[in-house]
$ cat input20.pdb   # PDB, N, CA and C atoms
ATOM      1  N   MET A  88      24.908  -1.681  -4.194
ATOM      2  CA  MET A  88      24.482  -2.991  -3.744
ATOM      3  C   MET A  88      22.976  -2.978  -3.497
ATOM      4  N   LYS A  89      22.292  -3.988  -3.960
ATOM      5  CA  LYS A  89      20.849  -4.080  -3.773
ATOM      6  C   LYS A  89      20.520  -4.612  -2.384
ATOM      7  N   SER A  90      19.385  -4.139  -1.862
ATOM      8  CA  SER A  90      18.864  -4.607  -0.580
ATOM      9  C   SER A  90      17.529  -5.286  -0.810
ATOM     10  N   ALA A  91      17.096  -6.076   0.147
ATOM     11  CA  ALA A  91      15.783  -6.725   0.066
ATOM     12  C   ALA A  91      14.748  -5.835   0.743
ATOM     13  N   TRP A  92      13.618  -5.644   0.070
ATOM     14  CA  TRP A  92      12.539  -4.788   0.564
ATOM     15  C   TRP A  92      11.234  -5.560   0.545
ATOM     16  N   LEU A  93      10.363  -5.256   1.488
ATOM     17  CA  LEU A  93       9.001  -5.762   1.465
ATOM     18  C   LEU A  93       8.114  -4.661   0.919
ATOM     19  N   VAL A  94       7.354  -4.965  -0.112
ATOM     20  CA  VAL A  94       6.428  -4.004  -0.704
ATOM     21  C   VAL A  94       5.050  -4.645  -0.671
ATOM     22  N   SER A  95       4.089  -3.921  -0.077
ATOM     23  CA  SER A  95       2.752  -4.505   0.033
ATOM     24  C   SER A  95       1.682  -3.457  -0.201
ATOM     25  N   VAL A  96       0.515  -3.962  -0.555
ATOM     26  CA  VAL A  96      -0.678  -3.144  -0.693
ATOM     27  C   VAL A  96      -1.748  -3.855   0.124
ATOM     28  N   ALA A  97      -2.340  -3.158   1.065
ATOM     29  CA  ALA A  97      -3.377  -3.761   1.894
ATOM     30  C   ALA A  97      -4.621  -2.882   1.840
ATOM     31  N   LEU A  98      -5.732  -3.483   1.475
ATOM     32  CA  LEU A  98      -6.996  -2.760   1.392
ATOM     33  C   LEU A  98      -8.075  -3.585   2.086
ATOM     34  N   PRO A  99      -8.875  -2.963   2.925
ATOM     35  CA  PRO A  99     -10.005  -3.707   3.487
ATOM     36  C   PRO A  99     -11.082  -3.864   2.413
ATOM     37  N   ILE A 100     -11.476  -5.083   2.144
ATOM     38  CA  ILE A 100     -12.466  -5.384   1.112
ATOM     39  C   ILE A 100     -13.606  -6.167   1.757
ATOM     40  N   GLU A 101     -14.836  -5.673   1.599
ATOM     41  CA  GLU A 101     -15.997  -6.417   2.063
ATOM     42  C   GLU A 101     -16.453  -7.342   0.950
ATOM     43  N   ALA A 102     -16.609  -8.631   1.275
ATOM     44  CA  ALA A 102     -17.006  -9.610   0.271
ATOM     45  C   ALA A 102     -17.625 -10.818   0.962
ATOM     46  N   THR A 103     -18.292 -11.649   0.169
ATOM     47  CA  THR A 103     -18.937 -12.833   0.718
ATOM     48  C   THR A 103     -18.013 -14.044   0.777
ATOM     49  N   SER A 104     -16.871 -13.985   0.073
ATOM     50  CA  SER A 104     -15.912 -15.095   0.079
ATOM     51  C   SER A 104     -14.527 -14.554  -0.240
ATOM     52  N   ALA A 105     -13.526 -15.392  -0.041
ATOM     53  CA  ALA A 105     -12.155 -14.994  -0.368
ATOM     54  C   ALA A 105     -12.021 -14.710  -1.869
ATOM     55  N   ALA A 106     -12.620 -15.566  -2.695
ATOM     56  CA  ALA A 106     -12.541 -15.362  -4.152
ATOM     57  C   ALA A 106     -13.219 -14.058  -4.553
ATOM     58  N   ASP A 107     -14.358 -13.766  -3.939
ATOM     59  CA  ASP A 107     -15.060 -12.518  -4.224
ATOM     60  C   ASP A 107     -14.216 -11.324  -3.779
ATOM     61  N   ALA A 108     -13.538 -11.444  -2.661
ATOM     62  CA  ALA A 108     -12.669 -10.363  -2.178
ATOM     63  C   ALA A 108     -11.540 -10.088  -3.168
ATOM     64  N   VAL A 109     -10.976 -11.146  -3.740
ATOM     65  CA  VAL A 109      -9.900 -10.976  -4.716
ATOM     66  C   VAL A 109     -10.429 -10.284  -5.967
ATOM     67  N   ARG A 110     -11.610 -10.692  -6.436
ATOM     68  CA  ARG A 110     -12.204 -10.032  -7.609
ATOM     69  C   ARG A 110     -12.449  -8.551  -7.330
ATOM     70  N   GLU A 111     -12.991  -8.231  -6.159
ATOM     71  CA  GLU A 111     -13.253  -6.837  -5.791
ATOM     72  C   GLU A 111     -11.952  -6.049  -5.657
ATOM     73  N   TYR A 112     -10.915  -6.680  -5.127
ATOM     74  CA  TYR A 112      -9.618  -6.035  -4.989
ATOM     75  C   TYR A 112      -9.087  -5.608  -6.356
ATOM     76  N   TRP A 113      -9.079  -6.541  -7.323
ATOM     77  CA  TRP A 113      -8.534  -6.216  -8.641
ATOM     78  C   TRP A 113      -9.386  -5.191  -9.362
ATOM     79  N   LYS A 114     -10.697  -5.221  -9.165
ATOM     80  CA  LYS A 114     -11.575  -4.211  -9.756
ATOM     81  C   LYS A 114     -11.230  -2.829  -9.185
ATOM     82  N   TYR A 115     -11.034  -2.766  -7.880
ATOM     83  CA  TYR A 115     -10.683  -1.509  -7.221
ATOM     84  C   TYR A 115      -9.327  -0.998  -7.698
ATOM     85  N   VAL A 116      -8.352  -1.886  -7.802
ATOM     86  CA  VAL A 116      -7.014  -1.493  -8.263
ATOM     87  C   VAL A 116      -7.079  -0.925  -9.682
ATOM     88  N   GLU A 117      -7.843  -1.567 -10.563
ATOM     89  CA  GLU A 117      -7.977  -1.073 -11.933
ATOM     90  C   GLU A 117      -8.624   0.307 -11.973
ATOM     91  N   GLN A 118      -9.633   0.535 -11.133
ATOM     92  CA  GLN A 118     -10.324   1.825 -11.113
ATOM     93  C   GLN A 118      -9.437   2.920 -10.538
ATOM     94  N   LEU A 119      -8.731   2.610  -9.475
ATOM     95  CA  LEU A 119      -7.916   3.605  -8.788
ATOM     96  C   LEU A 119      -6.650   3.933  -9.569
ATOM     97  N   GLY A 120      -5.992   2.931 -10.119
ATOM     98  CA  GLY A 120      -4.753   3.139 -10.873
ATOM     99  C   GLY A 120      -3.550   3.322  -9.960
ATOM    100  N   SER A 121      -2.385   3.222 -10.530
ATOM    101  CA  SER A 121      -1.154   3.278  -9.739
ATOM    102  C   SER A 121      -0.905   4.643  -9.111
ATOM    103  N   ALA A 122      -1.459   5.700  -9.675
ATOM    104  CA  ALA A 122      -1.240   7.040  -9.111
ATOM    105  C   ALA A 122      -1.998   7.248  -7.809
ATOM    106  N   GLY A 123      -3.027   6.454  -7.550
ATOM    107  CA  GLY A 123      -3.820   6.641  -6.341
ATOM    108  C   GLY A 123      -3.734   5.499  -5.356
ATOM    109  N   LEU A 124      -3.022   4.440  -5.703
ATOM    110  CA  LEU A 124      -2.934   3.259  -4.855
ATOM    111  C   LEU A 124      -1.637   3.292  -4.055
ATOM    112  N   PRO A 125      -1.717   3.429  -2.736
ATOM    113  CA  PRO A 125      -0.493   3.474  -1.943
ATOM    114  C   PRO A 125       0.146   2.096  -1.827
ATOM    115  N   ALA A 126       1.463   2.079  -1.835
ATOM    116  CA  ALA A 126       2.242   0.879  -1.560
ATOM    117  C   ALA A 126       3.022   1.135  -0.277
ATOM    118  N   PHE A 127       3.195   0.109   0.513
ATOM    119  CA  PHE A 127       3.895   0.224   1.784
ATOM    120  C   PHE A 127       5.213  -0.519   1.668
ATOM    121  N   VAL A 128       6.321   0.163   1.999
ATOM    122  CA  VAL A 128       7.660  -0.357   1.778
ATOM    123  C   VAL A 128       8.450  -0.322   3.072
ATOM    124  N   SER A 129       9.155  -1.425   3.340
ATOM    125  CA  SER A 129      10.064  -1.459   4.486
ATOM    126  C   SER A 129      11.221  -2.390   4.175
ATOM    127  N   PRO A 130      12.373  -2.138   4.793
ATOM    128  CA  PRO A 130      13.489  -3.067   4.614
ATOM    129  C   PRO A 130      13.128  -4.415   5.242
ATOM    130  N   VAL A 131      13.548  -5.510   4.633
ATOM    131  CA  VAL A 131      13.317  -6.825   5.212
ATOM    132  C   VAL A 131      13.957  -6.863   6.599
ATOM    133  N   GLY A 132      13.207  -7.292   7.580
ATOM    134  CA  GLY A 132      13.706  -7.369   8.954
ATOM    135  C   GLY A 132      13.455  -6.121   9.769
ATOM    136  N   ASP A 133      12.959  -5.054   9.152
ATOM    137  CA  ASP A 133      12.674  -3.813   9.874
ATOM    138  C   ASP A 133      11.314  -3.275   9.434
ATOM    139  N   GLU A 134      10.287  -4.088   9.636
ATOM    140  CA  GLU A 134       8.949  -3.737   9.188
ATOM    141  C   GLU A 134       8.408  -2.484   9.877
ATOM    142  N   LEU A 135       8.935  -2.122  11.047
ATOM    143  CA  LEU A 135       8.488  -0.905  11.735
ATOM    144  C   LEU A 135       8.943   0.358  11.014
ATOM    145  N   ALA A 136       9.877   0.231  10.081
ATOM    146  CA  ALA A 136      10.357   1.375   9.299
ATOM    147  C   ALA A 136       9.518   1.578   8.040
ATOM    148  N   MET A 137       8.321   1.026   8.024
ATOM    149  CA  MET A 137       7.465   1.081   6.839
ATOM    150  C   MET A 137       7.127   2.520   6.451
ATOM    151  N   THR A 138       7.168   2.799   5.158
ATOM    152  CA  THR A 138       6.824   4.101   4.608
ATOM    153  C   THR A 138       5.802   3.894   3.493
ATOM    154  N   ALA A 139       4.820   4.772   3.429
ATOM    155  CA  ALA A 139       3.827   4.712   2.353
ATOM    156  C   ALA A 139       4.334   5.517   1.160
ATOM    157  N   TYR A 140       4.089   4.994  -0.033
ATOM    158  CA  TYR A 140       4.474   5.667  -1.273
ATOM    159  C   TYR A 140       3.284   5.724  -2.209
ATOM    160  N   LEU A 141       3.171   6.833  -2.933
ATOM    161  CA  LEU A 141       2.295   6.929  -4.093
ATOM    162  C   LEU A 141       3.225   7.101  -5.279
ATOM    163  N   LEU A 142       3.110   6.184  -6.230
ATOM    164  CA  LEU A 142       4.085   6.075  -7.322
ATOM    165  C   LEU A 142       5.459   5.922  -6.701
ATOM    166  N   ASP A 143       6.400   6.834  -6.965
ATOM    167  CA  ASP A 143       7.738   6.677  -6.383
ATOM    168  C   ASP A 143       8.063   7.750  -5.344
ATOM    169  N   GLU A 144       7.034   8.370  -4.767
ATOM    170  CA  GLU A 144       7.232   9.432  -3.790
ATOM    171  C   GLU A 144       6.666   9.031  -2.427
ATOM    172  N   PRO A 145       7.431   9.241  -1.344
ATOM    173  CA  PRO A 145       6.880   8.984  -0.008
ATOM    174  C   PRO A 145       5.661   9.875   0.218
ATOM    175  N   THR A 146       4.677   9.354   0.928
ATOM    176  CA  THR A 146       3.461  10.114   1.185
ATOM    177  C   THR A 146       2.981   9.869   2.602
ATOM    178  N   ASN A 147       2.339  10.850   3.171
ATOM    179  CA  ASN A 147       1.777  10.742   4.507
ATOM    180  C   ASN A 147       0.302  10.398   4.374
ATOM    181  N   LEU A 148      -0.089   9.229   4.871
ATOM    182  CA  LEU A 148      -1.484   8.811   4.785
ATOM    183  C   LEU A 148      -2.231   9.043   6.087
ATOM    184  N   ASP A 149      -1.565   9.598   7.088
ATOM    185  CA  ASP A 149      -2.175   9.847   8.387
ATOM    186  C   ASP A 149      -2.612  11.313   8.472
ATOM    187  N   PRO A 150      -3.910  11.594   8.407
ATOM    188  CA  PRO A 150      -4.357  12.996   8.424
ATOM    189  C   PRO A 150      -4.039  13.706   9.736
ATOM    190  N   GLU A 151      -3.749  12.961  10.806
ATOM    191  CA  GLU A 151      -3.400  13.581  12.086
ATOM    192  C   GLU A 151      -1.936  13.993  12.158
ATOM    193  N   GLU A 152      -1.138  13.566  11.194
ATOM    194  CA  GLU A 152       0.292  13.895  11.186
ATOM    195  C   GLU A 152       0.654  14.692   9.948
ATOM    196  N   ASP A 153      -0.121  15.716   9.614
ATOM    197  CA  ASP A 153       0.147  16.522   8.422
ATOM    198  C   ASP A 153       1.577  17.022   8.403
ATOM    199  N   GLY A 154       2.235  16.778   7.268
ATOM    200  CA  GLY A 154       3.577  17.304   7.065
ATOM    201  C   GLY A 154       4.687  16.461   7.658
ATOM    202  N   GLU A 155       4.381  15.384   8.360
ATOM    203  CA  GLU A 155       5.417  14.561   8.960
ATOM    204  C   GLU A 155       5.513  13.241   8.227
ATOM    205  N   LEU A 156       6.744  12.841   7.873
ATOM    206  CA  LEU A 156       6.989  11.520   7.273
ATOM    207  C   LEU A 156       7.909  10.740   8.154
TER     208      LEU A 156
END

$ encode --input "input20.pdb" --output "structure tokens"
Amino acid sequence: MKSAWLVSVALPIEATSAADAVREYWKYVEQLGSAGLPAFVSPVGDELAMTAYLLDEPTNLDPEEDGEL
């Protein structure tokens, strides 16, 4: 049975306008590629259970929590 998931990518982008921020975002995504761009996934309704993934593998993005997921 399929479940509903929230998948998001959030990056801080410095720009002079919202449109400029979107252009910079897509430029950054193209340069970084899917292997280096983390996606954040959580079950709908349980956003506190969010996990970061690179490609299809869970990853720890917190350098203070080495080895813990």

$ select_by_dssp --input "input20.pdb" --residues "stretch 101-146 of chain A" --states "helix (DSSP H, G or I)" --output "VMD selection string"
chain A and resid 105 to 119 134 to 136

$ resolve_selection --input "input20.pdb" --expression "the PyMOL selection byres (((chain A and resi 138 and name CA) around 12) and name CA)" --output "NGL selection string"
:A and (92-96 or 125-130 or 133-137 or 139-141 or 143-149 or 155-156)

$ select_by_dssp --input "input20.pdb" --residues "chain A" --states "strand (DSSP E or B)" --output "list in words"
Trp92, Leu93, Val94, Ser95, Ala126, Phe127, Val128, Ser129, Pro130, Thr138, Ala139, Tyr140, Leu141, Glu144 and Pro145 of chain A

$ closest_residue --input "input20.pdb" --among "A:Leu142, A:Lys89, A:Ser104, A:Ala97" --to "A:Gly123" --atoms "only C-alpha atoms"
A:Leu142
